[in-house]
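Structure data follow from entry.txt (compact mmCIF, C-alpha atoms):
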```
# COMPACT_ATOMS: atom_id res chain seq x y z
CA MET K 49 0.00 0.00 0.00
CA ILE K 50 1.33 3.45 -0.96
CA ILE K 51 0.83 6.06 1.77
CA GLU K 52 0.37 9.57 0.47
CA LYS K 53 2.82 12.07 1.92
CA ILE K 54 1.13 15.22 3.20
CA PRO K 55 3.07 18.46 2.54
CA VAL K 56 3.24 21.11 5.26
CA ASN K 57 4.09 24.79 4.97
CA SER K 58 7.32 25.69 6.80
CA GLY K 59 6.36 29.37 6.90
CA VAL K 60 9.20 30.30 4.52
CA GLU K 61 7.96 30.05 0.95
CA ARG K 62 11.36 29.99 -0.72
CA LEU K 63 12.56 27.23 1.60
CA ASP K 64 9.53 25.10 0.70
CA SER K 65 10.37 25.62 -2.97
CA LEU K 66 14.02 24.60 -2.58
CA LEU K 67 13.26 21.68 -0.30
CA GLY K 68 10.21 20.35 -2.08
CA ASN K 69 8.19 20.91 1.10
CA ILE K 70 8.39 19.34 4.52
CA TYR K 71 5.98 16.49 5.17
CA ILE K 72 4.03 15.01 8.04
CA GLY K 73 6.44 12.59 9.74
CA ASP K 74 9.59 14.59 9.00
CA ASN K 75 12.28 15.09 11.62
CA VAL K 76 14.06 18.26 10.48
CA VAL K 77 17.55 18.87 11.89
CA TRP K 78 18.98 22.39 11.83
CA TYR K 79 22.77 22.58 12.15
CA ASP K 80 23.31 26.09 13.45
CA ASP K 81 26.83 27.42 12.90
CA ALA K 82 26.33 30.48 15.11
CA GLY K 83 23.89 29.22 17.74
CA SER K 84 21.10 31.68 16.86
CA LEU K 85 20.49 31.34 13.11
CA ALA K 86 17.75 28.70 13.36
CA THR K 87 15.52 30.92 15.49
CA VAL K 88 13.82 32.77 12.65
CA PHE K 89 12.96 29.52 10.84
CA CYS K 90 11.49 28.08 14.03
CA LEU K 91 9.44 31.22 14.67
CA ASN K 92 8.09 31.18 11.12
CA PHE K 93 7.16 27.53 11.57
CA MET K 94 5.37 28.43 14.79
CA LYS K 95 3.59 31.33 13.10
CA ILE K 96 2.22 29.26 10.19
CA SER K 97 1.30 26.41 12.55
CA GLN K 98 -0.73 28.77 14.73
CA LYS K 99 -2.36 30.31 11.67
CA GLU K 100 -3.47 26.81 10.67
CA ASN K 101 -4.58 26.13 14.26
CA LYS K 102 -2.10 23.29 14.76
CA PRO K 103 -0.83 22.26 18.22
CA LEU K 104 2.85 22.85 18.93
CA VAL K 105 5.19 21.68 21.69
CA TYR K 106 8.33 23.72 22.37
CA VAL K 107 11.07 21.94 24.35
CA SER K 108 13.60 24.26 25.97
CA PHE K 109 16.88 23.13 27.51
CA ASP K 110 18.74 26.42 27.07
CA ARG K 111 16.30 29.17 28.12
CA SER K 112 14.33 29.87 31.26
CA PRO K 113 10.55 30.10 30.74
CA LYS K 114 10.61 33.89 31.16
CA ASN K 115 13.43 34.27 28.65
CA LEU K 116 11.70 31.96 26.16
CA LEU K 117 8.37 33.80 26.46
CA ASP K 118 10.16 37.09 25.78
CA LYS K 119 11.78 35.52 22.73
CA LEU K 120 8.47 34.17 21.40
CA GLY K 121 6.57 37.43 21.98
CA SER K 122 3.03 37.31 20.61
CA LEU K 123 3.54 33.73 19.43
CA ALA K 124 3.41 32.64 23.09
CA LYS K 125 -0.16 33.93 23.39
CA ASN K 126 -1.73 30.79 22.03
CA SER K 127 -3.64 28.03 23.75
CA ASN K 128 -2.32 25.47 21.25
CA LEU K 129 1.24 25.98 22.55
CA THR K 130 2.81 23.83 25.26
CA ILE K 131 6.29 24.65 26.56
CA LEU K 132 8.25 21.82 28.15
CA ASP K 133 10.63 23.55 30.54
CA CYS K 134 13.77 21.39 30.81
CA PHE K 135 15.81 24.38 31.94
CA THR K 136 14.59 25.18 35.45
CA ASP K 137 15.55 21.82 36.93
CA GLY K 138 18.29 21.30 34.36
CA LYS K 139 20.83 24.03 33.72
CA GLY K 140 18.90 26.25 36.15
CA GLU K 141 19.57 23.69 38.91
CA GLY K 142 16.18 24.41 40.50
CA ALA K 143 17.27 27.88 41.66
CA ASP K 144 14.63 30.02 43.37
CA ILE K 145 14.96 32.78 40.78
CA PHE K 146 13.66 30.41 38.11
CA ARG K 147 11.12 28.59 40.31
CA ARG K 148 9.43 31.89 41.17
CA PHE K 149 8.11 32.00 37.61
CA TYR K 150 5.63 29.25 38.48
CA GLU K 151 4.52 31.02 41.64
CA ALA K 152 4.01 34.33 39.87
CA LYS K 153 2.22 33.76 36.57
CA ALA K 154 2.70 30.35 34.97
CA ASP K 155 -0.96 29.42 35.52
CA ARG K 156 -2.21 32.72 34.05
CA LEU K 157 -0.55 32.41 30.64
CA PRO K 158 -2.47 31.73 27.39
CA CYS K 159 -0.05 28.91 26.62
CA LYS K 160 0.75 25.98 28.89
CA VAL K 161 4.16 25.77 30.59
CA VAL K 162 5.12 22.38 32.02
CA ARG K 163 8.07 22.13 34.38
CA VAL K 164 9.92 18.90 33.59
CA GLU K 165 11.39 17.45 36.77
CA HIS K 166 14.60 15.47 36.38
CA PRO K 167 15.31 16.53 32.77
CA GLU K 168 18.76 15.03 33.29
CA LYS K 169 17.10 11.67 32.66
CA PRO K 170 16.45 11.02 28.96
CA GLU K 171 13.56 8.69 29.74
CA VAL K 172 11.77 11.54 31.56
CA LEU K 173 11.96 13.75 28.49
CA ALA K 174 10.65 10.88 26.33
CA GLU K 175 7.68 10.49 28.68
CA SER K 176 7.06 14.26 28.63
CA LEU K 177 6.99 14.31 24.82
CA GLU K 178 4.51 11.44 24.74
CA SER K 179 2.32 13.09 27.39
CA ALA K 180 2.25 16.44 25.55
CA TYR K 181 1.40 14.65 22.32
CA SER K 182 -1.45 12.74 23.99
CA GLU K 183 -2.93 15.86 25.58
CA PHE K 184 -3.44 17.34 22.12
CA GLY K 185 -5.25 14.18 21.05
CA GLY K 186 -2.48 13.10 18.69
CA SER K 187 -3.71 15.40 15.94
CA ASP K 188 -0.93 16.74 13.69
CA VAL K 189 1.26 17.91 16.56
CA ARG K 190 4.43 19.85 15.76
CA PHE K 191 7.58 19.94 17.93
CA ILE K 192 10.49 22.35 18.26
CA ILE K 193 13.30 20.90 20.36
CA GLU K 194 15.88 23.46 21.50
CA SER K 195 18.37 21.98 21.58
CA ILE K 196 20.33 18.76 21.08
CA THR K 197 23.35 20.70 22.31
CA GLY K 198 21.51 21.55 25.54
CA MET K 199 20.67 17.87 26.00
CA GLN K 200 24.33 16.91 25.66
CA ASP K 201 25.43 19.56 28.15
CA LEU K 202 22.93 18.21 30.68
CA TRP K 203 23.27 14.49 29.98
CA GLY K 204 27.04 14.53 29.93
CA GLY K 205 27.91 12.94 26.61
CA GLU K 206 27.06 12.09 23.04
CA GLU K 207 26.12 8.46 23.69
CA GLN K 208 23.05 9.43 25.71
CA VAL K 209 22.04 11.99 23.09
CA LEU K 210 22.39 9.60 20.18
CA LYS K 211 20.54 6.86 22.04
CA PHE K 212 17.66 9.22 22.83
CA TYR K 213 17.52 10.57 19.29
CA THR K 214 17.69 7.08 17.79
CA HIS K 215 14.67 6.10 19.90
CA SER K 216 12.62 9.30 19.67
CA CYS K 217 13.05 10.24 16.02
CA PRO K 218 11.41 7.08 14.60
CA ARG K 219 8.74 7.32 17.30
CA LEU K 220 7.80 10.87 16.29
CA TYR K 221 7.80 9.77 12.64
CA GLU K 222 5.33 6.97 13.37
CA LEU K 223 3.10 9.37 15.32
CA ASN K 224 2.82 11.56 12.18
CA THR K 225 4.30 14.61 13.86
CA ILE K 226 6.79 17.15 12.53
CA ALA K 227 9.82 17.90 14.70
CA PHE K 228 12.43 20.64 14.36
CA TRP K 229 15.66 19.69 16.16
CA ILE K 230 18.23 22.43 16.77
CA ILE K 231 21.92 21.58 17.13
CA GLU K 232 25.00 23.79 17.35
CA LYS K 233 27.23 22.34 14.67
CA LYS K 234 30.58 23.19 16.21
CA ALA K 235 29.69 21.71 19.60
CA HIS K 236 29.48 18.11 18.39
CA SER K 237 31.62 15.46 16.78
CA GLN K 238 31.34 14.30 13.21
CA ARG K 239 30.29 10.91 14.55
CA LEU K 240 27.22 12.32 16.29
CA ARG K 241 26.26 14.43 13.30
CA ALA K 242 26.57 11.40 11.00
CA GLY K 243 24.41 9.33 13.35
CA ILE K 244 21.73 12.03 13.45
CA ASN K 245 21.82 12.53 9.68
CA GLN K 246 21.30 8.86 9.07
CA ILE K 247 17.99 8.85 10.96
CA ALA K 248 16.58 12.31 10.15
CA GLN K 249 14.39 12.81 7.11
CA VAL K 250 15.68 16.35 6.51
CA ALA K 251 18.94 18.04 7.53
CA MET K 252 19.89 21.66 6.89
CA GLU K 253 22.95 23.70 7.71
CA LEU K 254 22.98 27.40 8.58
CA THR K 255 26.34 29.14 8.32
CA LEU K 256 27.74 32.61 8.81
CA LYS K 257 30.57 33.65 6.47
CA ARG K 258 32.01 37.15 6.22
CA GLY K 259 28.90 38.72 7.62
CA LYS K 260 26.52 36.82 5.30
CA THR K 261 24.21 33.97 6.24
CA PHE K 262 23.74 30.84 4.12
CA LEU K 263 21.40 27.85 4.14
CA SER K 264 22.36 24.46 2.67
CA ILE K 265 20.15 21.39 2.37
CA LEU K 266 22.24 18.39 3.44
CA LYS K 267 19.54 15.73 3.24
CA ALA K 268 15.98 15.60 1.90
CA GLU K 269 14.76 12.02 2.07
CA GLY K 270 12.27 10.99 -0.60
CA ARG K 271 12.67 14.17 -2.62
CA ASP K 272 14.25 14.39 -6.07
CA ILE K 273 15.86 17.81 -5.87
CA GLU K 274 18.94 19.43 -7.37
CA THR K 275 19.59 21.82 -4.49
CA LEU K 276 21.52 19.52 -2.12
CA ASN K 277 24.71 20.93 -0.62
CA ARG K 278 24.37 24.24 -2.44
CA PRO K 279 24.65 27.29 -0.11
CA TYR K 280 21.82 29.79 -0.56
CA ASN K 281 22.38 33.27 0.75
CA TYR K 282 19.55 34.71 2.83
CA ALA K 283 18.83 37.79 4.91
CA VAL K 284 16.43 38.36 7.80
CA ARG K 285 14.14 41.36 8.26
CA GLY K 286 12.10 40.86 11.41
CA LEU K 287 10.45 37.48 10.78
CA ASP K 288 10.83 37.77 7.01
CA VAL K 289 13.46 35.52 5.44
CA ILE K 290 14.62 36.91 2.10
CA MET K 291 16.37 34.09 0.30
CA GLU K 292 18.45 34.09 -2.85
CA GLY K 293 16.32 33.73 -5.95
CA LYS K 294 13.05 34.62 -4.23
CA ARG K 295 12.10 37.45 -6.53
CA GLN K 296 13.77 37.62 -9.91
CA PRO K 297 12.63 39.55 -12.98
CA SER K 298 10.43 37.51 -15.29
CA VAL K 299 13.23 37.35 -17.88
CA TYR K 300 15.10 34.99 -15.52
CA ASN K 301 12.20 32.55 -15.57
CA ASP K 302 11.60 33.05 -19.31
CA ILE K 303 15.15 32.10 -20.25
CA GLY K 304 15.25 29.28 -17.72
CA ALA K 305 11.98 27.74 -18.93
CA GLN K 306 13.02 27.95 -22.58
CA LEU K 307 16.46 26.50 -21.89
CA LYS K 308 14.93 23.52 -20.07
CA GLU K 309 12.43 22.95 -22.90
CA TYR K 310 15.17 22.96 -25.56
CA ARG K 311 17.56 20.85 -23.47
CA THR K 312 15.05 18.11 -22.64
CA SER K 313 13.57 18.01 -26.15
CA ARG K 314 17.06 17.32 -27.50
CA GLY K 315 17.82 14.66 -24.89
CA PHE K 316 20.65 16.45 -23.06
CA SER K 317 21.17 16.09 -19.32
CA GLN K 318 22.23 19.20 -17.42
CA THR K 319 25.71 17.72 -17.08
CA GLU K 320 26.04 17.06 -20.82
CA LEU K 321 24.86 20.52 -21.81
CA ALA K 322 27.16 22.11 -19.23
CA ARG K 323 30.16 20.26 -20.71
CA LEU K 324 29.31 21.37 -24.24
CA VAL K 325 28.72 24.99 -23.21
CA GLY K 326 31.76 25.16 -20.92
CA VAL K 327 29.99 25.88 -17.62
CA THR K 328 29.19 23.83 -14.51
CA PRO K 329 26.04 21.69 -14.17
CA SER K 330 25.12 23.93 -11.23
CA THR K 331 25.06 26.92 -13.60
CA ILE K 332 22.61 25.16 -15.93
CA SER K 333 20.46 24.19 -12.93
CA GLN K 334 20.41 27.76 -11.60
CA VAL K 335 19.56 29.24 -15.01
CA GLU K 336 16.71 26.77 -15.48
CA GLY K 337 15.50 27.46 -11.95
CA GLY K 338 15.28 31.19 -12.64
CA GLN K 339 17.96 32.00 -10.06
CA ILE K 340 20.61 33.53 -12.33
CA LEU K 341 21.06 34.75 -15.89
CA PRO K 342 23.75 33.17 -18.08
CA SER K 343 26.60 35.33 -19.32
CA LEU K 344 26.28 36.51 -22.93
CA PRO K 345 29.05 34.14 -24.19
CA ALA K 346 27.35 31.24 -22.38
CA LEU K 347 23.95 32.18 -23.82
CA LEU K 348 25.40 32.30 -27.34
CA LYS K 349 27.06 28.91 -26.84
CA MET K 350 23.79 27.45 -25.51
CA ALA K 351 21.96 28.66 -28.60
CA GLU K 352 24.64 27.21 -30.88
CA THR K 353 24.68 23.87 -29.07
CA LEU K 354 20.90 23.54 -29.10
CA SER K 355 20.58 24.76 -32.73
CA VAL K 356 18.27 27.68 -31.96
CA ASP K 357 18.35 31.42 -32.37
CA VAL K 358 19.28 33.43 -29.25
CA ALA K 359 15.94 35.26 -29.51
CA SER K 360 14.11 31.98 -28.97
CA PHE K 361 15.12 32.02 -25.29
CA PHE K 362 12.75 34.93 -24.68
CA GLN K 363 9.02 34.28 -24.51
CA GLY K 364 7.08 36.05 -27.23
CA GLN K 365 10.05 35.93 -29.59
CA LEU K 366 10.08 32.28 -30.56
CA PRO K 367 10.96 31.67 -34.20
CA GLY K 368 8.63 29.43 -36.13
CA GLN K 369 5.51 30.34 -34.12
CA ASP K 370 3.47 30.75 -37.30
CA LYS K 371 5.40 28.27 -39.38
CA VAL K 372 3.24 25.83 -41.37
CA VAL K 373 5.75 23.62 -43.19
CA TYR K 374 9.08 22.35 -41.84
CA SER K 375 11.44 21.13 -44.55
CA SER K 376 13.29 17.82 -44.18
CA ASP K 377 16.61 19.61 -43.78
CA SER K 378 15.35 21.55 -40.72
CA ARG K 379 15.28 18.46 -38.49
CA ILE K 380 18.13 17.93 -36.02
CA ASN K 381 19.51 14.83 -34.34
CA VAL K 382 19.00 14.65 -30.58
CA ASN K 383 20.07 12.32 -27.80
CA ALA K 384 18.05 9.51 -26.32
CA GLU K 385 17.58 10.02 -22.61
CA ASN K 386 18.91 6.72 -21.27
CA THR K 387 21.45 4.01 -22.02
CA ALA K 388 20.05 3.79 -25.55
CA LYS K 389 21.93 6.97 -26.43
CA ASP K 390 24.52 5.17 -28.53
CA GLN K 391 22.15 2.52 -29.89
CA ILE K 392 19.36 4.45 -31.60
CA MET K 393 18.91 7.60 -33.63
CA ILE K 394 16.31 10.26 -32.84
CA SER K 395 15.52 13.29 -35.00
CA LEU K 396 13.49 16.26 -33.79
CA LEU K 397 11.27 17.23 -36.73
CA ALA K 398 10.34 20.76 -35.65
CA PRO K 399 13.30 22.20 -33.70
CA ASP K 400 11.78 25.61 -33.03
CA ALA K 401 8.25 24.47 -32.16
CA ILE K 402 8.90 23.09 -28.69
CA THR K 403 6.16 25.21 -27.10
CA SER K 404 3.43 23.35 -28.97
CA SER K 405 1.36 20.72 -27.16
CA ALA K 406 2.87 17.86 -29.18
CA ILE K 407 6.53 17.45 -30.18
CA PRO K 408 7.28 15.17 -33.17
CA TYR K 409 10.32 12.92 -33.58
CA ILE K 410 11.54 10.15 -35.85
CA VAL K 411 12.93 7.24 -33.81
CA GLU K 412 15.07 4.60 -35.49
CA ILE K 413 16.16 1.37 -33.76
CA PRO K 414 18.67 -0.80 -35.63
CA GLU K 415 17.69 -4.41 -36.31
CA ASN K 416 18.18 -7.00 -33.57
CA THR K 417 18.77 -4.36 -30.88
CA GLU K 418 17.61 -4.48 -27.25
CA ILE K 419 17.22 -1.25 -25.27
CA THR K 420 16.87 -1.16 -21.50
CA GLY K 421 14.25 1.34 -20.37
CA HIS K 422 12.58 3.97 -22.53
CA PHE K 423 14.30 6.44 -24.84
CA PHE K 424 12.51 9.47 -23.31
CA TYR K 425 11.94 10.72 -19.77
CA HIS K 426 8.55 12.32 -20.16
CA LYS K 427 5.66 13.16 -17.86
CA GLY K 428 2.64 12.86 -20.12
CA GLU K 429 1.22 10.83 -22.94
CA GLU K 430 3.25 9.55 -25.89
CA MET K 431 2.22 8.04 -29.22
CA GLY K 432 4.27 6.20 -31.81
CA TYR K 433 3.27 5.21 -35.35
CA VAL K 434 5.40 2.40 -36.78
CA LEU K 435 6.57 3.39 -40.25
CA ASP K 436 8.71 0.31 -40.82
CA GLY K 437 9.97 -2.81 -39.05
CA ASP K 438 8.76 -4.91 -36.12
CA VAL K 439 9.34 -4.12 -32.47
CA LEU K 440 8.56 -5.58 -29.03
CA LEU K 441 8.09 -3.52 -25.88
CA LYS K 442 7.46 -4.44 -22.27
CA THR K 443 5.42 -2.37 -19.79
CA ASP K 444 3.84 -3.18 -16.43
CA ALA K 445 0.82 -4.39 -18.41
CA GLY K 446 2.79 -7.01 -20.35
CA VAL K 447 4.82 -7.58 -23.54
CA PHE K 448 3.44 -6.17 -26.78
CA GLY K 449 4.42 -6.42 -30.45
CA ALA K 450 3.96 -3.69 -33.06
CA GLY K 451 4.59 -3.71 -36.79
CA LYS K 452 4.30 -1.41 -39.77
CA GLY K 453 1.08 0.63 -39.60
CA ASP K 454 0.49 0.00 -35.87
CA LEU K 455 0.02 2.78 -33.31
CA ILE K 456 1.63 2.63 -29.87
CA HIS K 457 -0.10 4.68 -27.16
CA LEU K 458 1.60 5.23 -23.78
CA LYS K 459 -0.67 7.02 -21.36
CA THR K 460 0.69 6.04 -17.96
CA ASP K 461 3.02 3.11 -18.68
CA THR K 462 6.74 3.56 -19.29
CA PRO K 463 8.44 0.81 -21.33
CA GLN K 464 10.91 -1.31 -19.40
CA TRP K 465 12.64 -2.44 -22.60
CA TRP K 466 12.41 -2.34 -26.40
CA LYS K 467 13.55 -5.08 -28.83
CA SER K 468 13.77 -4.71 -32.60
CA GLN K 469 13.45 -7.90 -34.63
CA PRO K 470 16.03 -9.32 -37.08
CA GLY K 471 15.79 -8.27 -40.70
CA SER K 472 14.90 -4.58 -40.65
CA THR K 473 15.43 -1.32 -38.81
CA VAL K 474 12.42 -0.08 -36.83
CA LYS K 475 11.36 3.41 -37.82
CA MET K 476 8.64 5.25 -35.88
CA LEU K 477 7.00 8.66 -35.92
CA TRP K 478 6.96 9.47 -32.22
CA ILE K 479 4.92 12.22 -30.55
CA LYS K 480 5.52 13.51 -27.02
CA ILE K 481 2.33 15.11 -25.69
CA LYS K 482 2.82 17.66 -22.92
CA SER K 483 1.00 16.92 -19.67
CA GLY K 484 -1.76 19.24 -18.55
CA LEU K 485 -2.80 20.07 -22.11
```
Would you mind writing the structure in this file as structure tokens?
Amino acid sequence: MIIEKIPVNSGVERLDSLLGNIYIGDNVVWYDDAGSLATVFCLNFMKISQKENKPLVYVSFDRSPKNLLDKLGSLAKNSNLTILDCFTDGKGEGADIFRRFYEAKADRLPCKVVRVEHPEKPEVLAESLESAYSEFGGSDVRFIIESITGMQDLWGGEEQVLKFYTHSCPRLYELNTIAFWIIEKKAHSQRLRAGINQIAQVAMELTLKRGKTFLSILKAEGRDIETLNRPYNYAVRGLDVIMEGKRQPSVYNDIGAQLKEYRTSRGFSQTELARLVGVTPSTISQVEGGQILPSLPALLKMAETLSVDVASFFQGQLPGQDKVVYSSDSRINVNAENTAKDQIMISLLAPDAITSSAIPYIVEIPENTEITGHFFYHKGEEMGYVLDGDVLLKTDAGVFGAGKGDLIHLKTDTPQWWKSQPGSTVKMLWIKIKSGL
């Protein structure tokens, strides 16, 4: 049975875009290089959770209740918030100055503050987390745990921390919660960080370099993203997080969208195109993502490599928009998109008409050739008309044969292999139909 993953808003739109969302069940680890950089992301997560009327549990090892309430400000004025105070009887050593908080106003706050006795015992914290979860009825509870570093200071070593995390992280995942775990990167060994990374669903690093702050996604389990380990510069204005690439002129997106259309229609990977243009794969990725503009020499080389006019990268200036007839000499050879690259020949019949709803190709498979997988990566329908030869293909539905005059229609299935028969080359008119059209 496939369980649908439910996306959740982190409160920072650009982060959701880069990460591909956080999901119910995620344990999100924030490696904080400066000890205070994760705060704004936690506060934004609290803000969006409260807006959506979701319960939230805030675990504090490093701040007294009064200090934490001052930090949270108006976000503390919420009945769906429970604070687990592991500070007063932890680092605060039960001192009267911290205990007076409970005598003065703890029972008159909008949120609930729970004093955790014996927070030096990991099993007590585990019980407190379970109890807080149960009090909210187990309904989409979110956790912010500040911090793993505070735990280690109190528990006296990494072994206790790793043991607790190893037990609690899968437990929170199974309970369908979302947990933010804060950790000061420089305060822990590589061994502990590796152990935490192995279990967490998401891990992000926040660094401070030469007065600028950067976010890098170290791990994003179950997401197919191209942003891993790339530092993104961001700035903070109040609770607003302004991240690199958040607002770019439309020309950035225009060029990026057109580049991706041309690249994929010709069967190039980002790495292959980068090599031919003389830039890094990251540059191609950032251009296609609308984050940067290519240099003029790079843009000219892209156009040359993809056999298009430079003007075709700008929406509204595509050549061939009103073209009716494409001559046989206008077609170009393109790459297959898998291991069949050196086995078959594919020609794009209308090189400058990639914005149409259907893109035509001629696909030729030499006789007695077996191809693993499909020759296109395509989200959408595909149709092939066999002009010559005989071919076999295998999908999840079975093995099928097609000969001259037959039509192949792929709506949801992707071929697992193709086999041409002895005696003749297979030649097909192949149409990729764009999804959503």
### Query
What is the CA of Ser405 (chain K) to CA of Ser355 (chain K) distance in Å?
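According to the coordinates, CA of Ser405 (chain K) and CA of Ser355 (chain K) are separated by 20.4 Å.
Of note, CA of Asn383 (chain K) and CA of Ser468 (chain K) are spaced 18.8 Å apart.
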#### Entry: Contacts of region 56-58 of chain K within 8 Å, only C-alpha atoms, excl. fewer than 2 positions in-chain, as a ChimeraX atom specification
/K:54,60-61,63-64,69-72,89,92-93,96
### Task
Mind listing whatever residues come within 8 Å of the point (7.1, 19.2, 16.5)? Use only C-alpha atoms, file coordinates, and give them as a list of chain:residue names.
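Output of the proximity query reads K:Leu104, K:Val105, K:Tyr106, K:Val189, K:Arg190, K:Phe191, K:Ile192, K:Ile193, K:Thr225, K:Ile226, K:Ala227, K:Phe228.
In this model, the gap between CA of Leu66 (chain K) and CA of Asp461 (chain K) comes to 29.0 Å.
Residues lying within 8 Å of region 275-289 of chain K, counting all atoms listed in the file and ignoring same-chain neighbours fewer than 2 positions away, are Val60, Leu66, Leu67, Val88, Leu91, Asn92, Lys260, Thr261, Phe262, Leu263, Ser264, Ile265, Leu266, Lys267, Ala268, Ile273, Met291 and Glu292 of chain K.
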#### Entry: Residue with smallest distance to Trp478 (chain K) - pool K:Arg314, K:Phe212, K:Leu396, K:Thr417, counting only C-alpha atoms
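Comparing K:Arg314, K:Phe212, K:Leu396, K:Thr417 against Trp478 (chain K), the winner is K:Leu396.
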### Query
Which residues, written as a PyMOL selection string, have at least one atom at most 10 Å from region 124-127 of chain K, with only C-alpha atoms counted and residues fewer than 2 positions away on the same chain left out?
chain K and resi 94+98+101+103-104+116-122+129-131+157-160
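Distances to Ile392 (chain K) were evaluated for K:Val327, K:Met252, K:Val162, K:Ile413 using only C-alpha atoms, and the minimum falls at K:Ile413.
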### Task
Select, from K:Val164, K:Ala235, K:Leu85, K:Val434, the residue with the minimum atom-to-atom distance to Thr197 (chain K), counting only C-alpha atoms.
K:Ala235
### Task
Counting only C-alpha atoms, figure out which residue out of K:Leu324, K:Ala406, K:Val439, K:Ile290 gets nearest to Lys475 (chain K).
K:Val439
### Query
Taking all atoms listed in the file into account, which of K:Phe146, K:Phe109, K:Tyr213, K:Phe135 comes nearest Gly243 (chain K)?
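Result for the nearest residue to Gly243 (chain K): K:Tyr213.
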